[in-house]
Amino acid sequence: NAGVTQTPKFQVLKTGQSMTLQCAQDMNHEYMSWYRQDPGMGLRLIHYSVGAGITDQGEVPNGYNVSRSTTEDFPLRLLSAAPSQTSVYFCASNTGAPSHYGYTFGSGTRLTVV
Amino acid sequence: AQSVTQLGSHVSVSEGALVLLRCNYSSSVPPYLFWYVQYPNQGLQLLLKYTTGATLVKGINGFEAEFKKSETSFHLTKPSAHMSDAAEYFCAVSGVGNEKLTFGTGTRLTIIP
């Protein structure tokens with residue numbers, strides 16, 4: 001199994017550009033989330049989904065958009081990139097079942113906005 | 001609402017010494033608690049988790065943690081540090097629904113030869 005796959009691994013954007021970070025999982029997990037990691041701040045939740053067609057905001061949702069049309073995919077859209085969005089982005093998934101609590105993380109996307 | 005506090009952003013221990021990484025949590029509901037490890041330029045890997053049942057949980061690579069409700073703590077320990085343990089460690093908490101994790105700010109563990 002591939003687990004959680006994120007693309008691209010690295011990206012440089014100019015201020016104001018838009019882009020989509022891709023996330024796909026092949027484990028039939030219901031729950032998926034996007035986090036950003038910044039030095040000294042740990043990981044902060046951007047958006048999450050508990051199933052296809054259901055999304056909700058996390059701690060830092062401004063400037064980001066998500067949709068969940070299939071169980072497998074959970075793309076993150078940056079609408080108009082800003083330097084403050086320079087970060088490492090992680091996608092994660094989980095079954096949601098009590099015996100399987102514990103998210104599986106992708107390898108991350110390192111984004112630089114100039 | 002849940003929150004996590006990790007005491008010590010950097011911890012250094014000698015190879016072979018005890019590793020102790022501290023985590024305290026706040027939760028309005030019975031918590032589910034996790035420790036993750038992140039090696040340089042990699043994603044996060046689950047070390048161990050507490051959901052229900054036994055309060056002392058064992059994880060991978062010889063790590064274990066004890067859930068202490070009275071102290072709202074979930075400290076991570078390993079009896080003897082190895083060079084390969086050098087990494088950043090994150091404590092996290094979720095509520096019963098487990099739809100989202102709240103992370104601490106992380107502790108970078110350095111192993112001194």
# chains A, B, ... in the order shown; residues from 1 in each chain; ligands from 1

call {"tool": "select_by_dssp", "arguments": {"residues": "chain A", "states": "strand (DSSP E)", "output": "compact mmCIF listing (two decimals) with N, CA and C atoms, in the first residue's frame"}}
result
# COMPACT_ATOMS: atom_id res chain seq x y z
N VAL A 4 -0.48 7.42 2.40
CA VAL A 4 -0.90 8.78 2.09
C VAL A 4 0.15 9.40 1.16
N THR A 5 -0.27 9.82 -0.01
CA THR A 5 0.64 10.37 -1.01
C THR A 5 0.36 11.84 -1.22
N GLN A 6 1.39 12.65 -1.06
CA GLN A 6 1.26 14.10 -1.27
C GLN A 6 2.11 14.52 -2.46
N THR A 7 1.54 15.38 -3.28
CA THR A 7 2.29 15.99 -4.37
C THR A 7 1.93 17.46 -4.50
N PHE A 10 7.94 19.72 -3.27
CA PHE A 10 8.47 21.08 -3.13
C PHE A 10 7.74 21.98 -4.12
N GLN A 11 7.53 23.24 -3.72
CA GLN A 11 6.89 24.20 -4.61
C GLN A 11 7.30 25.60 -4.21
N VAL A 12 7.60 26.42 -5.20
CA VAL A 12 7.85 27.84 -4.99
C VAL A 12 6.78 28.61 -5.75
N LEU A 13 6.10 29.52 -5.06
CA LEU A 13 5.05 30.32 -5.65
C LEU A 13 5.39 31.80 -5.51
N MET A 19 -2.61 27.69 -6.21
CA MET A 19 -2.19 26.34 -6.52
C MET A 19 -2.97 25.35 -5.64
N THR A 20 -2.88 24.09 -6.03
CA THR A 20 -3.53 23.02 -5.28
C THR A 20 -2.50 22.00 -4.85
N LEU A 21 -2.49 21.72 -3.55
CA LEU A 21 -1.68 20.63 -3.02
C LEU A 21 -2.55 19.37 -3.04
N GLN A 22 -1.97 18.32 -3.61
CA GLN A 22 -2.74 17.09 -3.76
C GLN A 22 -2.46 16.13 -2.61
N CYS A 23 -3.51 15.41 -2.20
CA CYS A 23 -3.38 14.38 -1.18
C CYS A 23 -4.29 13.23 -1.55
N ALA A 24 -3.73 12.02 -1.56
CA ALA A 24 -4.51 10.83 -1.87
C ALA A 24 -4.13 9.71 -0.91
N GLN A 25 -5.13 8.93 -0.48
CA GLN A 25 -4.86 7.77 0.36
C GLN A 25 -5.59 6.56 -0.21
N TYR A 31 -11.54 9.62 7.58
CA TYR A 31 -11.09 10.93 8.08
C TYR A 31 -9.83 11.36 7.34
N MET A 32 -9.79 12.61 6.92
CA MET A 32 -8.57 13.21 6.34
C MET A 32 -8.41 14.62 6.84
N SER A 33 -7.16 15.07 6.95
CA SER A 33 -6.87 16.38 7.51
C SER A 33 -5.68 17.00 6.81
N TRP A 34 -5.62 18.33 6.87
CA TRP A 34 -4.45 19.08 6.43
C TRP A 34 -3.90 19.87 7.60
N TYR A 35 -2.58 19.78 7.79
CA TYR A 35 -1.88 20.53 8.82
C TYR A 35 -0.76 21.34 8.15
N ARG A 36 -0.40 22.43 8.80
CA ARG A 36 0.82 23.13 8.44
C ARG A 36 1.78 23.10 9.62
N GLN A 37 3.06 22.96 9.32
CA GLN A 37 4.09 22.91 10.35
C GLN A 37 5.03 24.08 10.21
N ASP A 38 5.13 24.87 11.26
CA ASP A 38 6.02 26.02 11.29
C ASP A 38 6.93 25.89 12.51
N GLY A 42 4.66 23.68 16.25
CA GLY A 42 4.06 22.36 16.09
C GLY A 42 3.28 22.27 14.79
N LEU A 43 2.27 21.42 14.79
CA LEU A 43 1.39 21.29 13.63
C LEU A 43 0.04 21.90 13.97
N ARG A 44 -0.46 22.69 13.05
CA ARG A 44 -1.76 23.33 13.25
C ARG A 44 -2.73 22.88 12.17
N LEU A 45 -3.95 22.59 12.59
CA LEU A 45 -4.96 22.04 11.69
C LEU A 45 -5.54 23.14 10.81
N ILE A 46 -5.57 22.88 9.50
CA ILE A 46 -6.11 23.85 8.55
C ILE A 46 -7.58 23.52 8.25
N HIS A 47 -7.82 22.35 7.70
CA HIS A 47 -9.16 21.85 7.40
C HIS A 47 -9.17 20.34 7.62
N TYR A 48 -10.35 19.80 7.85
CA TYR A 48 -10.47 18.37 7.98
C TYR A 48 -11.79 17.89 7.39
N SER A 49 -11.86 16.57 7.19
CA SER A 49 -13.05 15.96 6.59
C SER A 49 -13.31 14.62 7.26
N VAL A 50 -14.58 14.36 7.56
CA VAL A 50 -14.95 13.07 8.16
C VAL A 50 -15.61 12.14 7.16
N GLY A 51 -15.63 12.54 5.90
CA GLY A 51 -16.16 11.68 4.85
C GLY A 51 -16.38 12.47 3.58
N ILE A 54 -18.07 16.09 3.18
CA ILE A 54 -18.15 16.72 4.49
C ILE A 54 -16.78 17.30 4.85
N THR A 55 -16.72 18.63 5.01
CA THR A 55 -15.47 19.27 5.43
C THR A 55 -15.76 20.29 6.51
N ASP A 56 -14.73 20.65 7.25
CA ASP A 56 -14.89 21.65 8.30
C ASP A 56 -13.56 22.34 8.52
N GLN A 57 -13.64 23.53 9.12
CA GLN A 57 -12.44 24.33 9.36
C GLN A 57 -11.72 23.88 10.61
N TYR A 64 -7.18 29.24 2.67
CA TYR A 64 -7.18 27.87 2.15
C TYR A 64 -8.61 27.39 1.89
N ASN A 65 -8.72 26.51 0.90
CA ASN A 65 -10.02 25.95 0.57
C ASN A 65 -9.86 24.45 0.34
N VAL A 66 -10.87 23.68 0.72
CA VAL A 66 -10.83 22.23 0.50
C VAL A 66 -12.17 21.75 -0.01
N LEU A 76 -5.94 20.50 -1.18
CA LEU A 76 -5.90 21.78 -0.46
C LEU A 76 -5.56 22.88 -1.46
N ARG A 77 -6.42 23.88 -1.54
CA ARG A 77 -6.22 24.97 -2.50
C ARG A 77 -5.79 26.24 -1.79
N LEU A 78 -4.73 26.84 -2.31
CA LEU A 78 -4.32 28.17 -1.87
C LEU A 78 -4.89 29.15 -2.89
N SER A 87 5.49 27.32 4.43
CA SER A 87 5.37 26.33 5.49
C SER A 87 5.58 24.95 4.90
N VAL A 88 5.55 23.96 5.78
CA VAL A 88 5.50 22.56 5.34
C VAL A 88 4.09 22.05 5.62
N TYR A 89 3.48 21.48 4.62
CA TYR A 89 2.10 21.04 4.72
C TYR A 89 2.03 19.52 4.75
N PHE A 90 1.26 19.03 5.70
CA PHE A 90 1.08 17.59 5.84
C PHE A 90 -0.39 17.22 5.71
N CYS A 91 -0.62 16.17 4.96
CA CYS A 91 -1.93 15.56 4.87
C CYS A 91 -1.91 14.29 5.72
N ALA A 92 -3.05 13.97 6.34
CA ALA A 92 -3.13 12.78 7.18
C ALA A 92 -4.49 12.13 7.03
N SER A 93 -4.55 10.83 7.30
CA SER A 93 -5.83 10.12 7.21
C SER A 93 -5.95 9.12 8.36
N ASN A 94 -7.20 8.73 8.64
CA ASN A 94 -7.50 7.85 9.77
C ASN A 94 -8.82 7.15 9.49
N THR A 104 -2.33 8.48 9.93
CA THR A 104 -1.19 8.19 9.06
C THR A 104 -0.89 9.45 8.27
N PHE A 105 0.38 9.87 8.28
CA PHE A 105 0.77 11.12 7.65
C PHE A 105 1.48 10.88 6.33
N THR A 109 4.63 18.54 1.91
CA THR A 109 4.92 19.44 0.80
C THR A 109 5.55 20.70 1.39
N ARG A 110 6.76 20.99 0.93
CA ARG A 110 7.45 22.20 1.40
C ARG A 110 7.15 23.34 0.43
N LEU A 111 6.41 24.34 0.91
CA LEU A 111 5.97 25.46 0.07
C LEU A 111 6.67 26.74 0.48
N THR A 112 7.21 27.42 -0.51
CA THR A 112 7.81 28.73 -0.30
C THR A 112 7.08 29.74 -1.16
N VAL A 113 6.63 30.83 -0.54
CA VAL A 113 5.96 31.91 -1.26
C VAL A 113 6.86 33.14 -1.22

call {"tool": "residues_around", "arguments": {"residues": "range 47-62 of chain B", "least_positions_apart": "3", "cutoff": "6 Å", "atoms": "only C-alpha atoms", "output": "number ranges by chain"}}
result
B: 32-36, 65-67

call {"tool": "write_last_selection", "arguments": {"atoms": "N, CA, C and O atoms", "output": "JSON list (two decimals), in the first residue's frame"}}
result
[["chain", "number", "residue", "atom", "x", "y", "z"],
["B", 32, "TYR", "N", -7.94, 11.09, 24.00],
["B", 32, "TYR", "CA", -7.10, 10.10, 23.38],
["B", 32, "TYR", "C", -5.76, 10.79, 23.14],
["B", 32, "TYR", "O", -5.72, 11.92, 22.64],
["B", 33, "LEU", "N", -4.68, 10.13, 23.51],
["B", 33, "LEU", "CA", -3.36, 10.76, 23.52],
["B", 33, "LEU", "C", -2.39, 10.00, 22.64],
["B", 33, "LEU", "O", -2.44, 8.76, 22.57],
["B", 34, "PHE", "N", -1.51, 10.74, 22.00],
["B", 34, "PHE", "CA", -0.58, 10.17, 21.02],
["B", 34, "PHE", "C", 0.79, 10.79, 21.18],
["B", 34, "PHE", "O", 0.92, 11.94, 21.57],
["B", 35, "TRP", "N", 1.80, 10.02, 20.82],
["B", 35, "TRP", "CA", 3.13, 10.53, 20.59],
["B", 35, "TRP", "C", 3.54, 10.17, 19.18],
["B", 35, "TRP", "O", 3.40, 9.02, 18.76],
["B", 36, "TYR", "N", 4.04, 11.19, 18.47],
["B", 36, "TYR", "CA", 4.56, 11.01, 17.12],
["B", 36, "TYR", "C", 6.04, 11.40, 17.10],
["B", 36, "TYR", "O", 6.48, 12.26, 17.86],
["B", 65, "ALA", "N", 4.78, 5.21, 27.40],
["B", 65, "ALA", "CA", 4.21, 6.40, 28.02],
["B", 65, "ALA", "C", 3.13, 5.97, 28.99],
["B", 65, "ALA", "O", 2.48, 4.94, 28.81],
["B", 66, "GLU", "N", 2.94, 6.78, 30.03],
["B", 66, "GLU", "CA", 1.93, 6.47, 31.03],
["B", 66, "GLU", "C", 0.92, 7.59, 31.11],
["B", 66, "GLU", "O", 1.28, 8.76, 31.29],
["B", 67, "PHE", "N", -0.35, 7.24, 30.97],
["B", 67, "PHE", "CA", -1.44, 8.19, 31.11],
["B", 67, "PHE", "C", -1.76, 8.34, 32.59],
["B", 67, "PHE", "O", -2.12, 7.38, 33.26]]

call {"tool": "residues_around", "arguments": {"residues": "range 107-113 of chain B", "least_positions_apart": "2", "cutoff": "10 Å", "atoms": "only C-alpha atoms", "output": "VMD selection string"}}
result
(chain A and resid 40 42) or (chain B and resid 6 to 17 19 to 23 37 to 39 81 to 91 104 to 105)

call {"tool": "atom_distance", "arguments": {"atom1": "CA of Ala2 in chain A", "atom2": "CA of Asp26 in chain A"}}
result
6.7 Å

call {"tool": "interface_residues", "arguments": {"of": "chain B", "to": "chain A", "cutoff": "7 Å", "atoms": "only C-alpha atoms", "output": "JSON, numbers by chain"}}
result
{"B": [42, 43, 44, 46, 98, 99, 103, 104, 105, 106]}

call {"tool": "write_last_selection", "arguments": {"atoms": "N, CA and C atoms", "output": "PDB file, in the first residue's frame"}}
result
ATOM      1  N   GLN B  42      11.147  14.317   7.029  1.00  0.00           N
ATOM      2  CA  GLN B  42      10.178  13.239   6.856  1.00  0.00           C
ATOM      3  C   GLN B  42       8.835  13.626   7.466  1.00  0.00           C
ATOM      4  N   GLY B  43       7.843  12.791   7.218  1.00  0.00           N
ATOM      5  CA  GLY B  43       6.545  12.987   7.842  1.00  0.00           C
ATOM      6  C   GLY B  43       6.550  12.480   9.270  1.00  0.00           C
ATOM      7  N   LEU B  44       5.382  12.444   9.888  1.00  0.00           N
ATOM      8  CA  LEU B  44       5.253  12.011  11.269  1.00  0.00           C
ATOM      9  C   LEU B  44       4.892  10.526  11.324  1.00  0.00           C
ATOM     10  N   LEU B  46       3.651   7.426  13.986  1.00  0.00           N
ATOM     11  CA  LEU B  46       3.045   7.170  15.281  1.00  0.00           C
ATOM     12  C   LEU B  46       3.956   6.286  16.129  1.00  0.00           C
ATOM     13  N   ASN B  98     -12.334  11.893  17.584  1.00  0.00           N
ATOM     14  CA  ASN B  98     -11.036  11.684  16.932  1.00  0.00           C
ATOM     15  C   ASN B  98     -10.981  12.215  15.516  1.00  0.00           C
ATOM     16  N   GLU B  99     -11.806  13.205  15.199  1.00  0.00           N
ATOM     17  CA  GLU B  99     -11.769  13.724  13.838  1.00  0.00           C
ATOM     18  C   GLU B  99     -10.611  14.686  13.626  1.00  0.00           C
ATOM     19  N   PHE B 103      -1.850  19.327  18.428  1.00  0.00           N
ATOM     20  CA  PHE B 103      -0.456  18.997  18.702  1.00  0.00           C
ATOM     21  C   PHE B 103       0.178  19.970  19.681  1.00  0.00           C
ATOM     22  N   GLY B 104       1.173  19.463  20.409  1.00  0.00           N
ATOM     23  CA  GLY B 104       2.069  20.328  21.130  1.00  0.00           C
ATOM     24  C   GLY B 104       3.086  20.927  20.170  1.00  0.00           C
ATOM     25  N   THR B 105       3.949  21.786  20.700  1.00  0.00           N
ATOM     26  CA  THR B 105       4.908  22.496  19.854  1.00  0.00           C
ATOM     27  C   THR B 105       6.157  21.683  19.543  1.00  0.00           C
ATOM     28  N   GLY B 106       6.266  20.496  20.141  1.00  0.00           N
ATOM     29  CA  GLY B 106       7.359  19.608  19.794  1.00  0.00           C
ATOM     30  C   GLY B 106       8.562  19.726  20.722  1.00  0.00           C
TER      31      GLY B 106
END
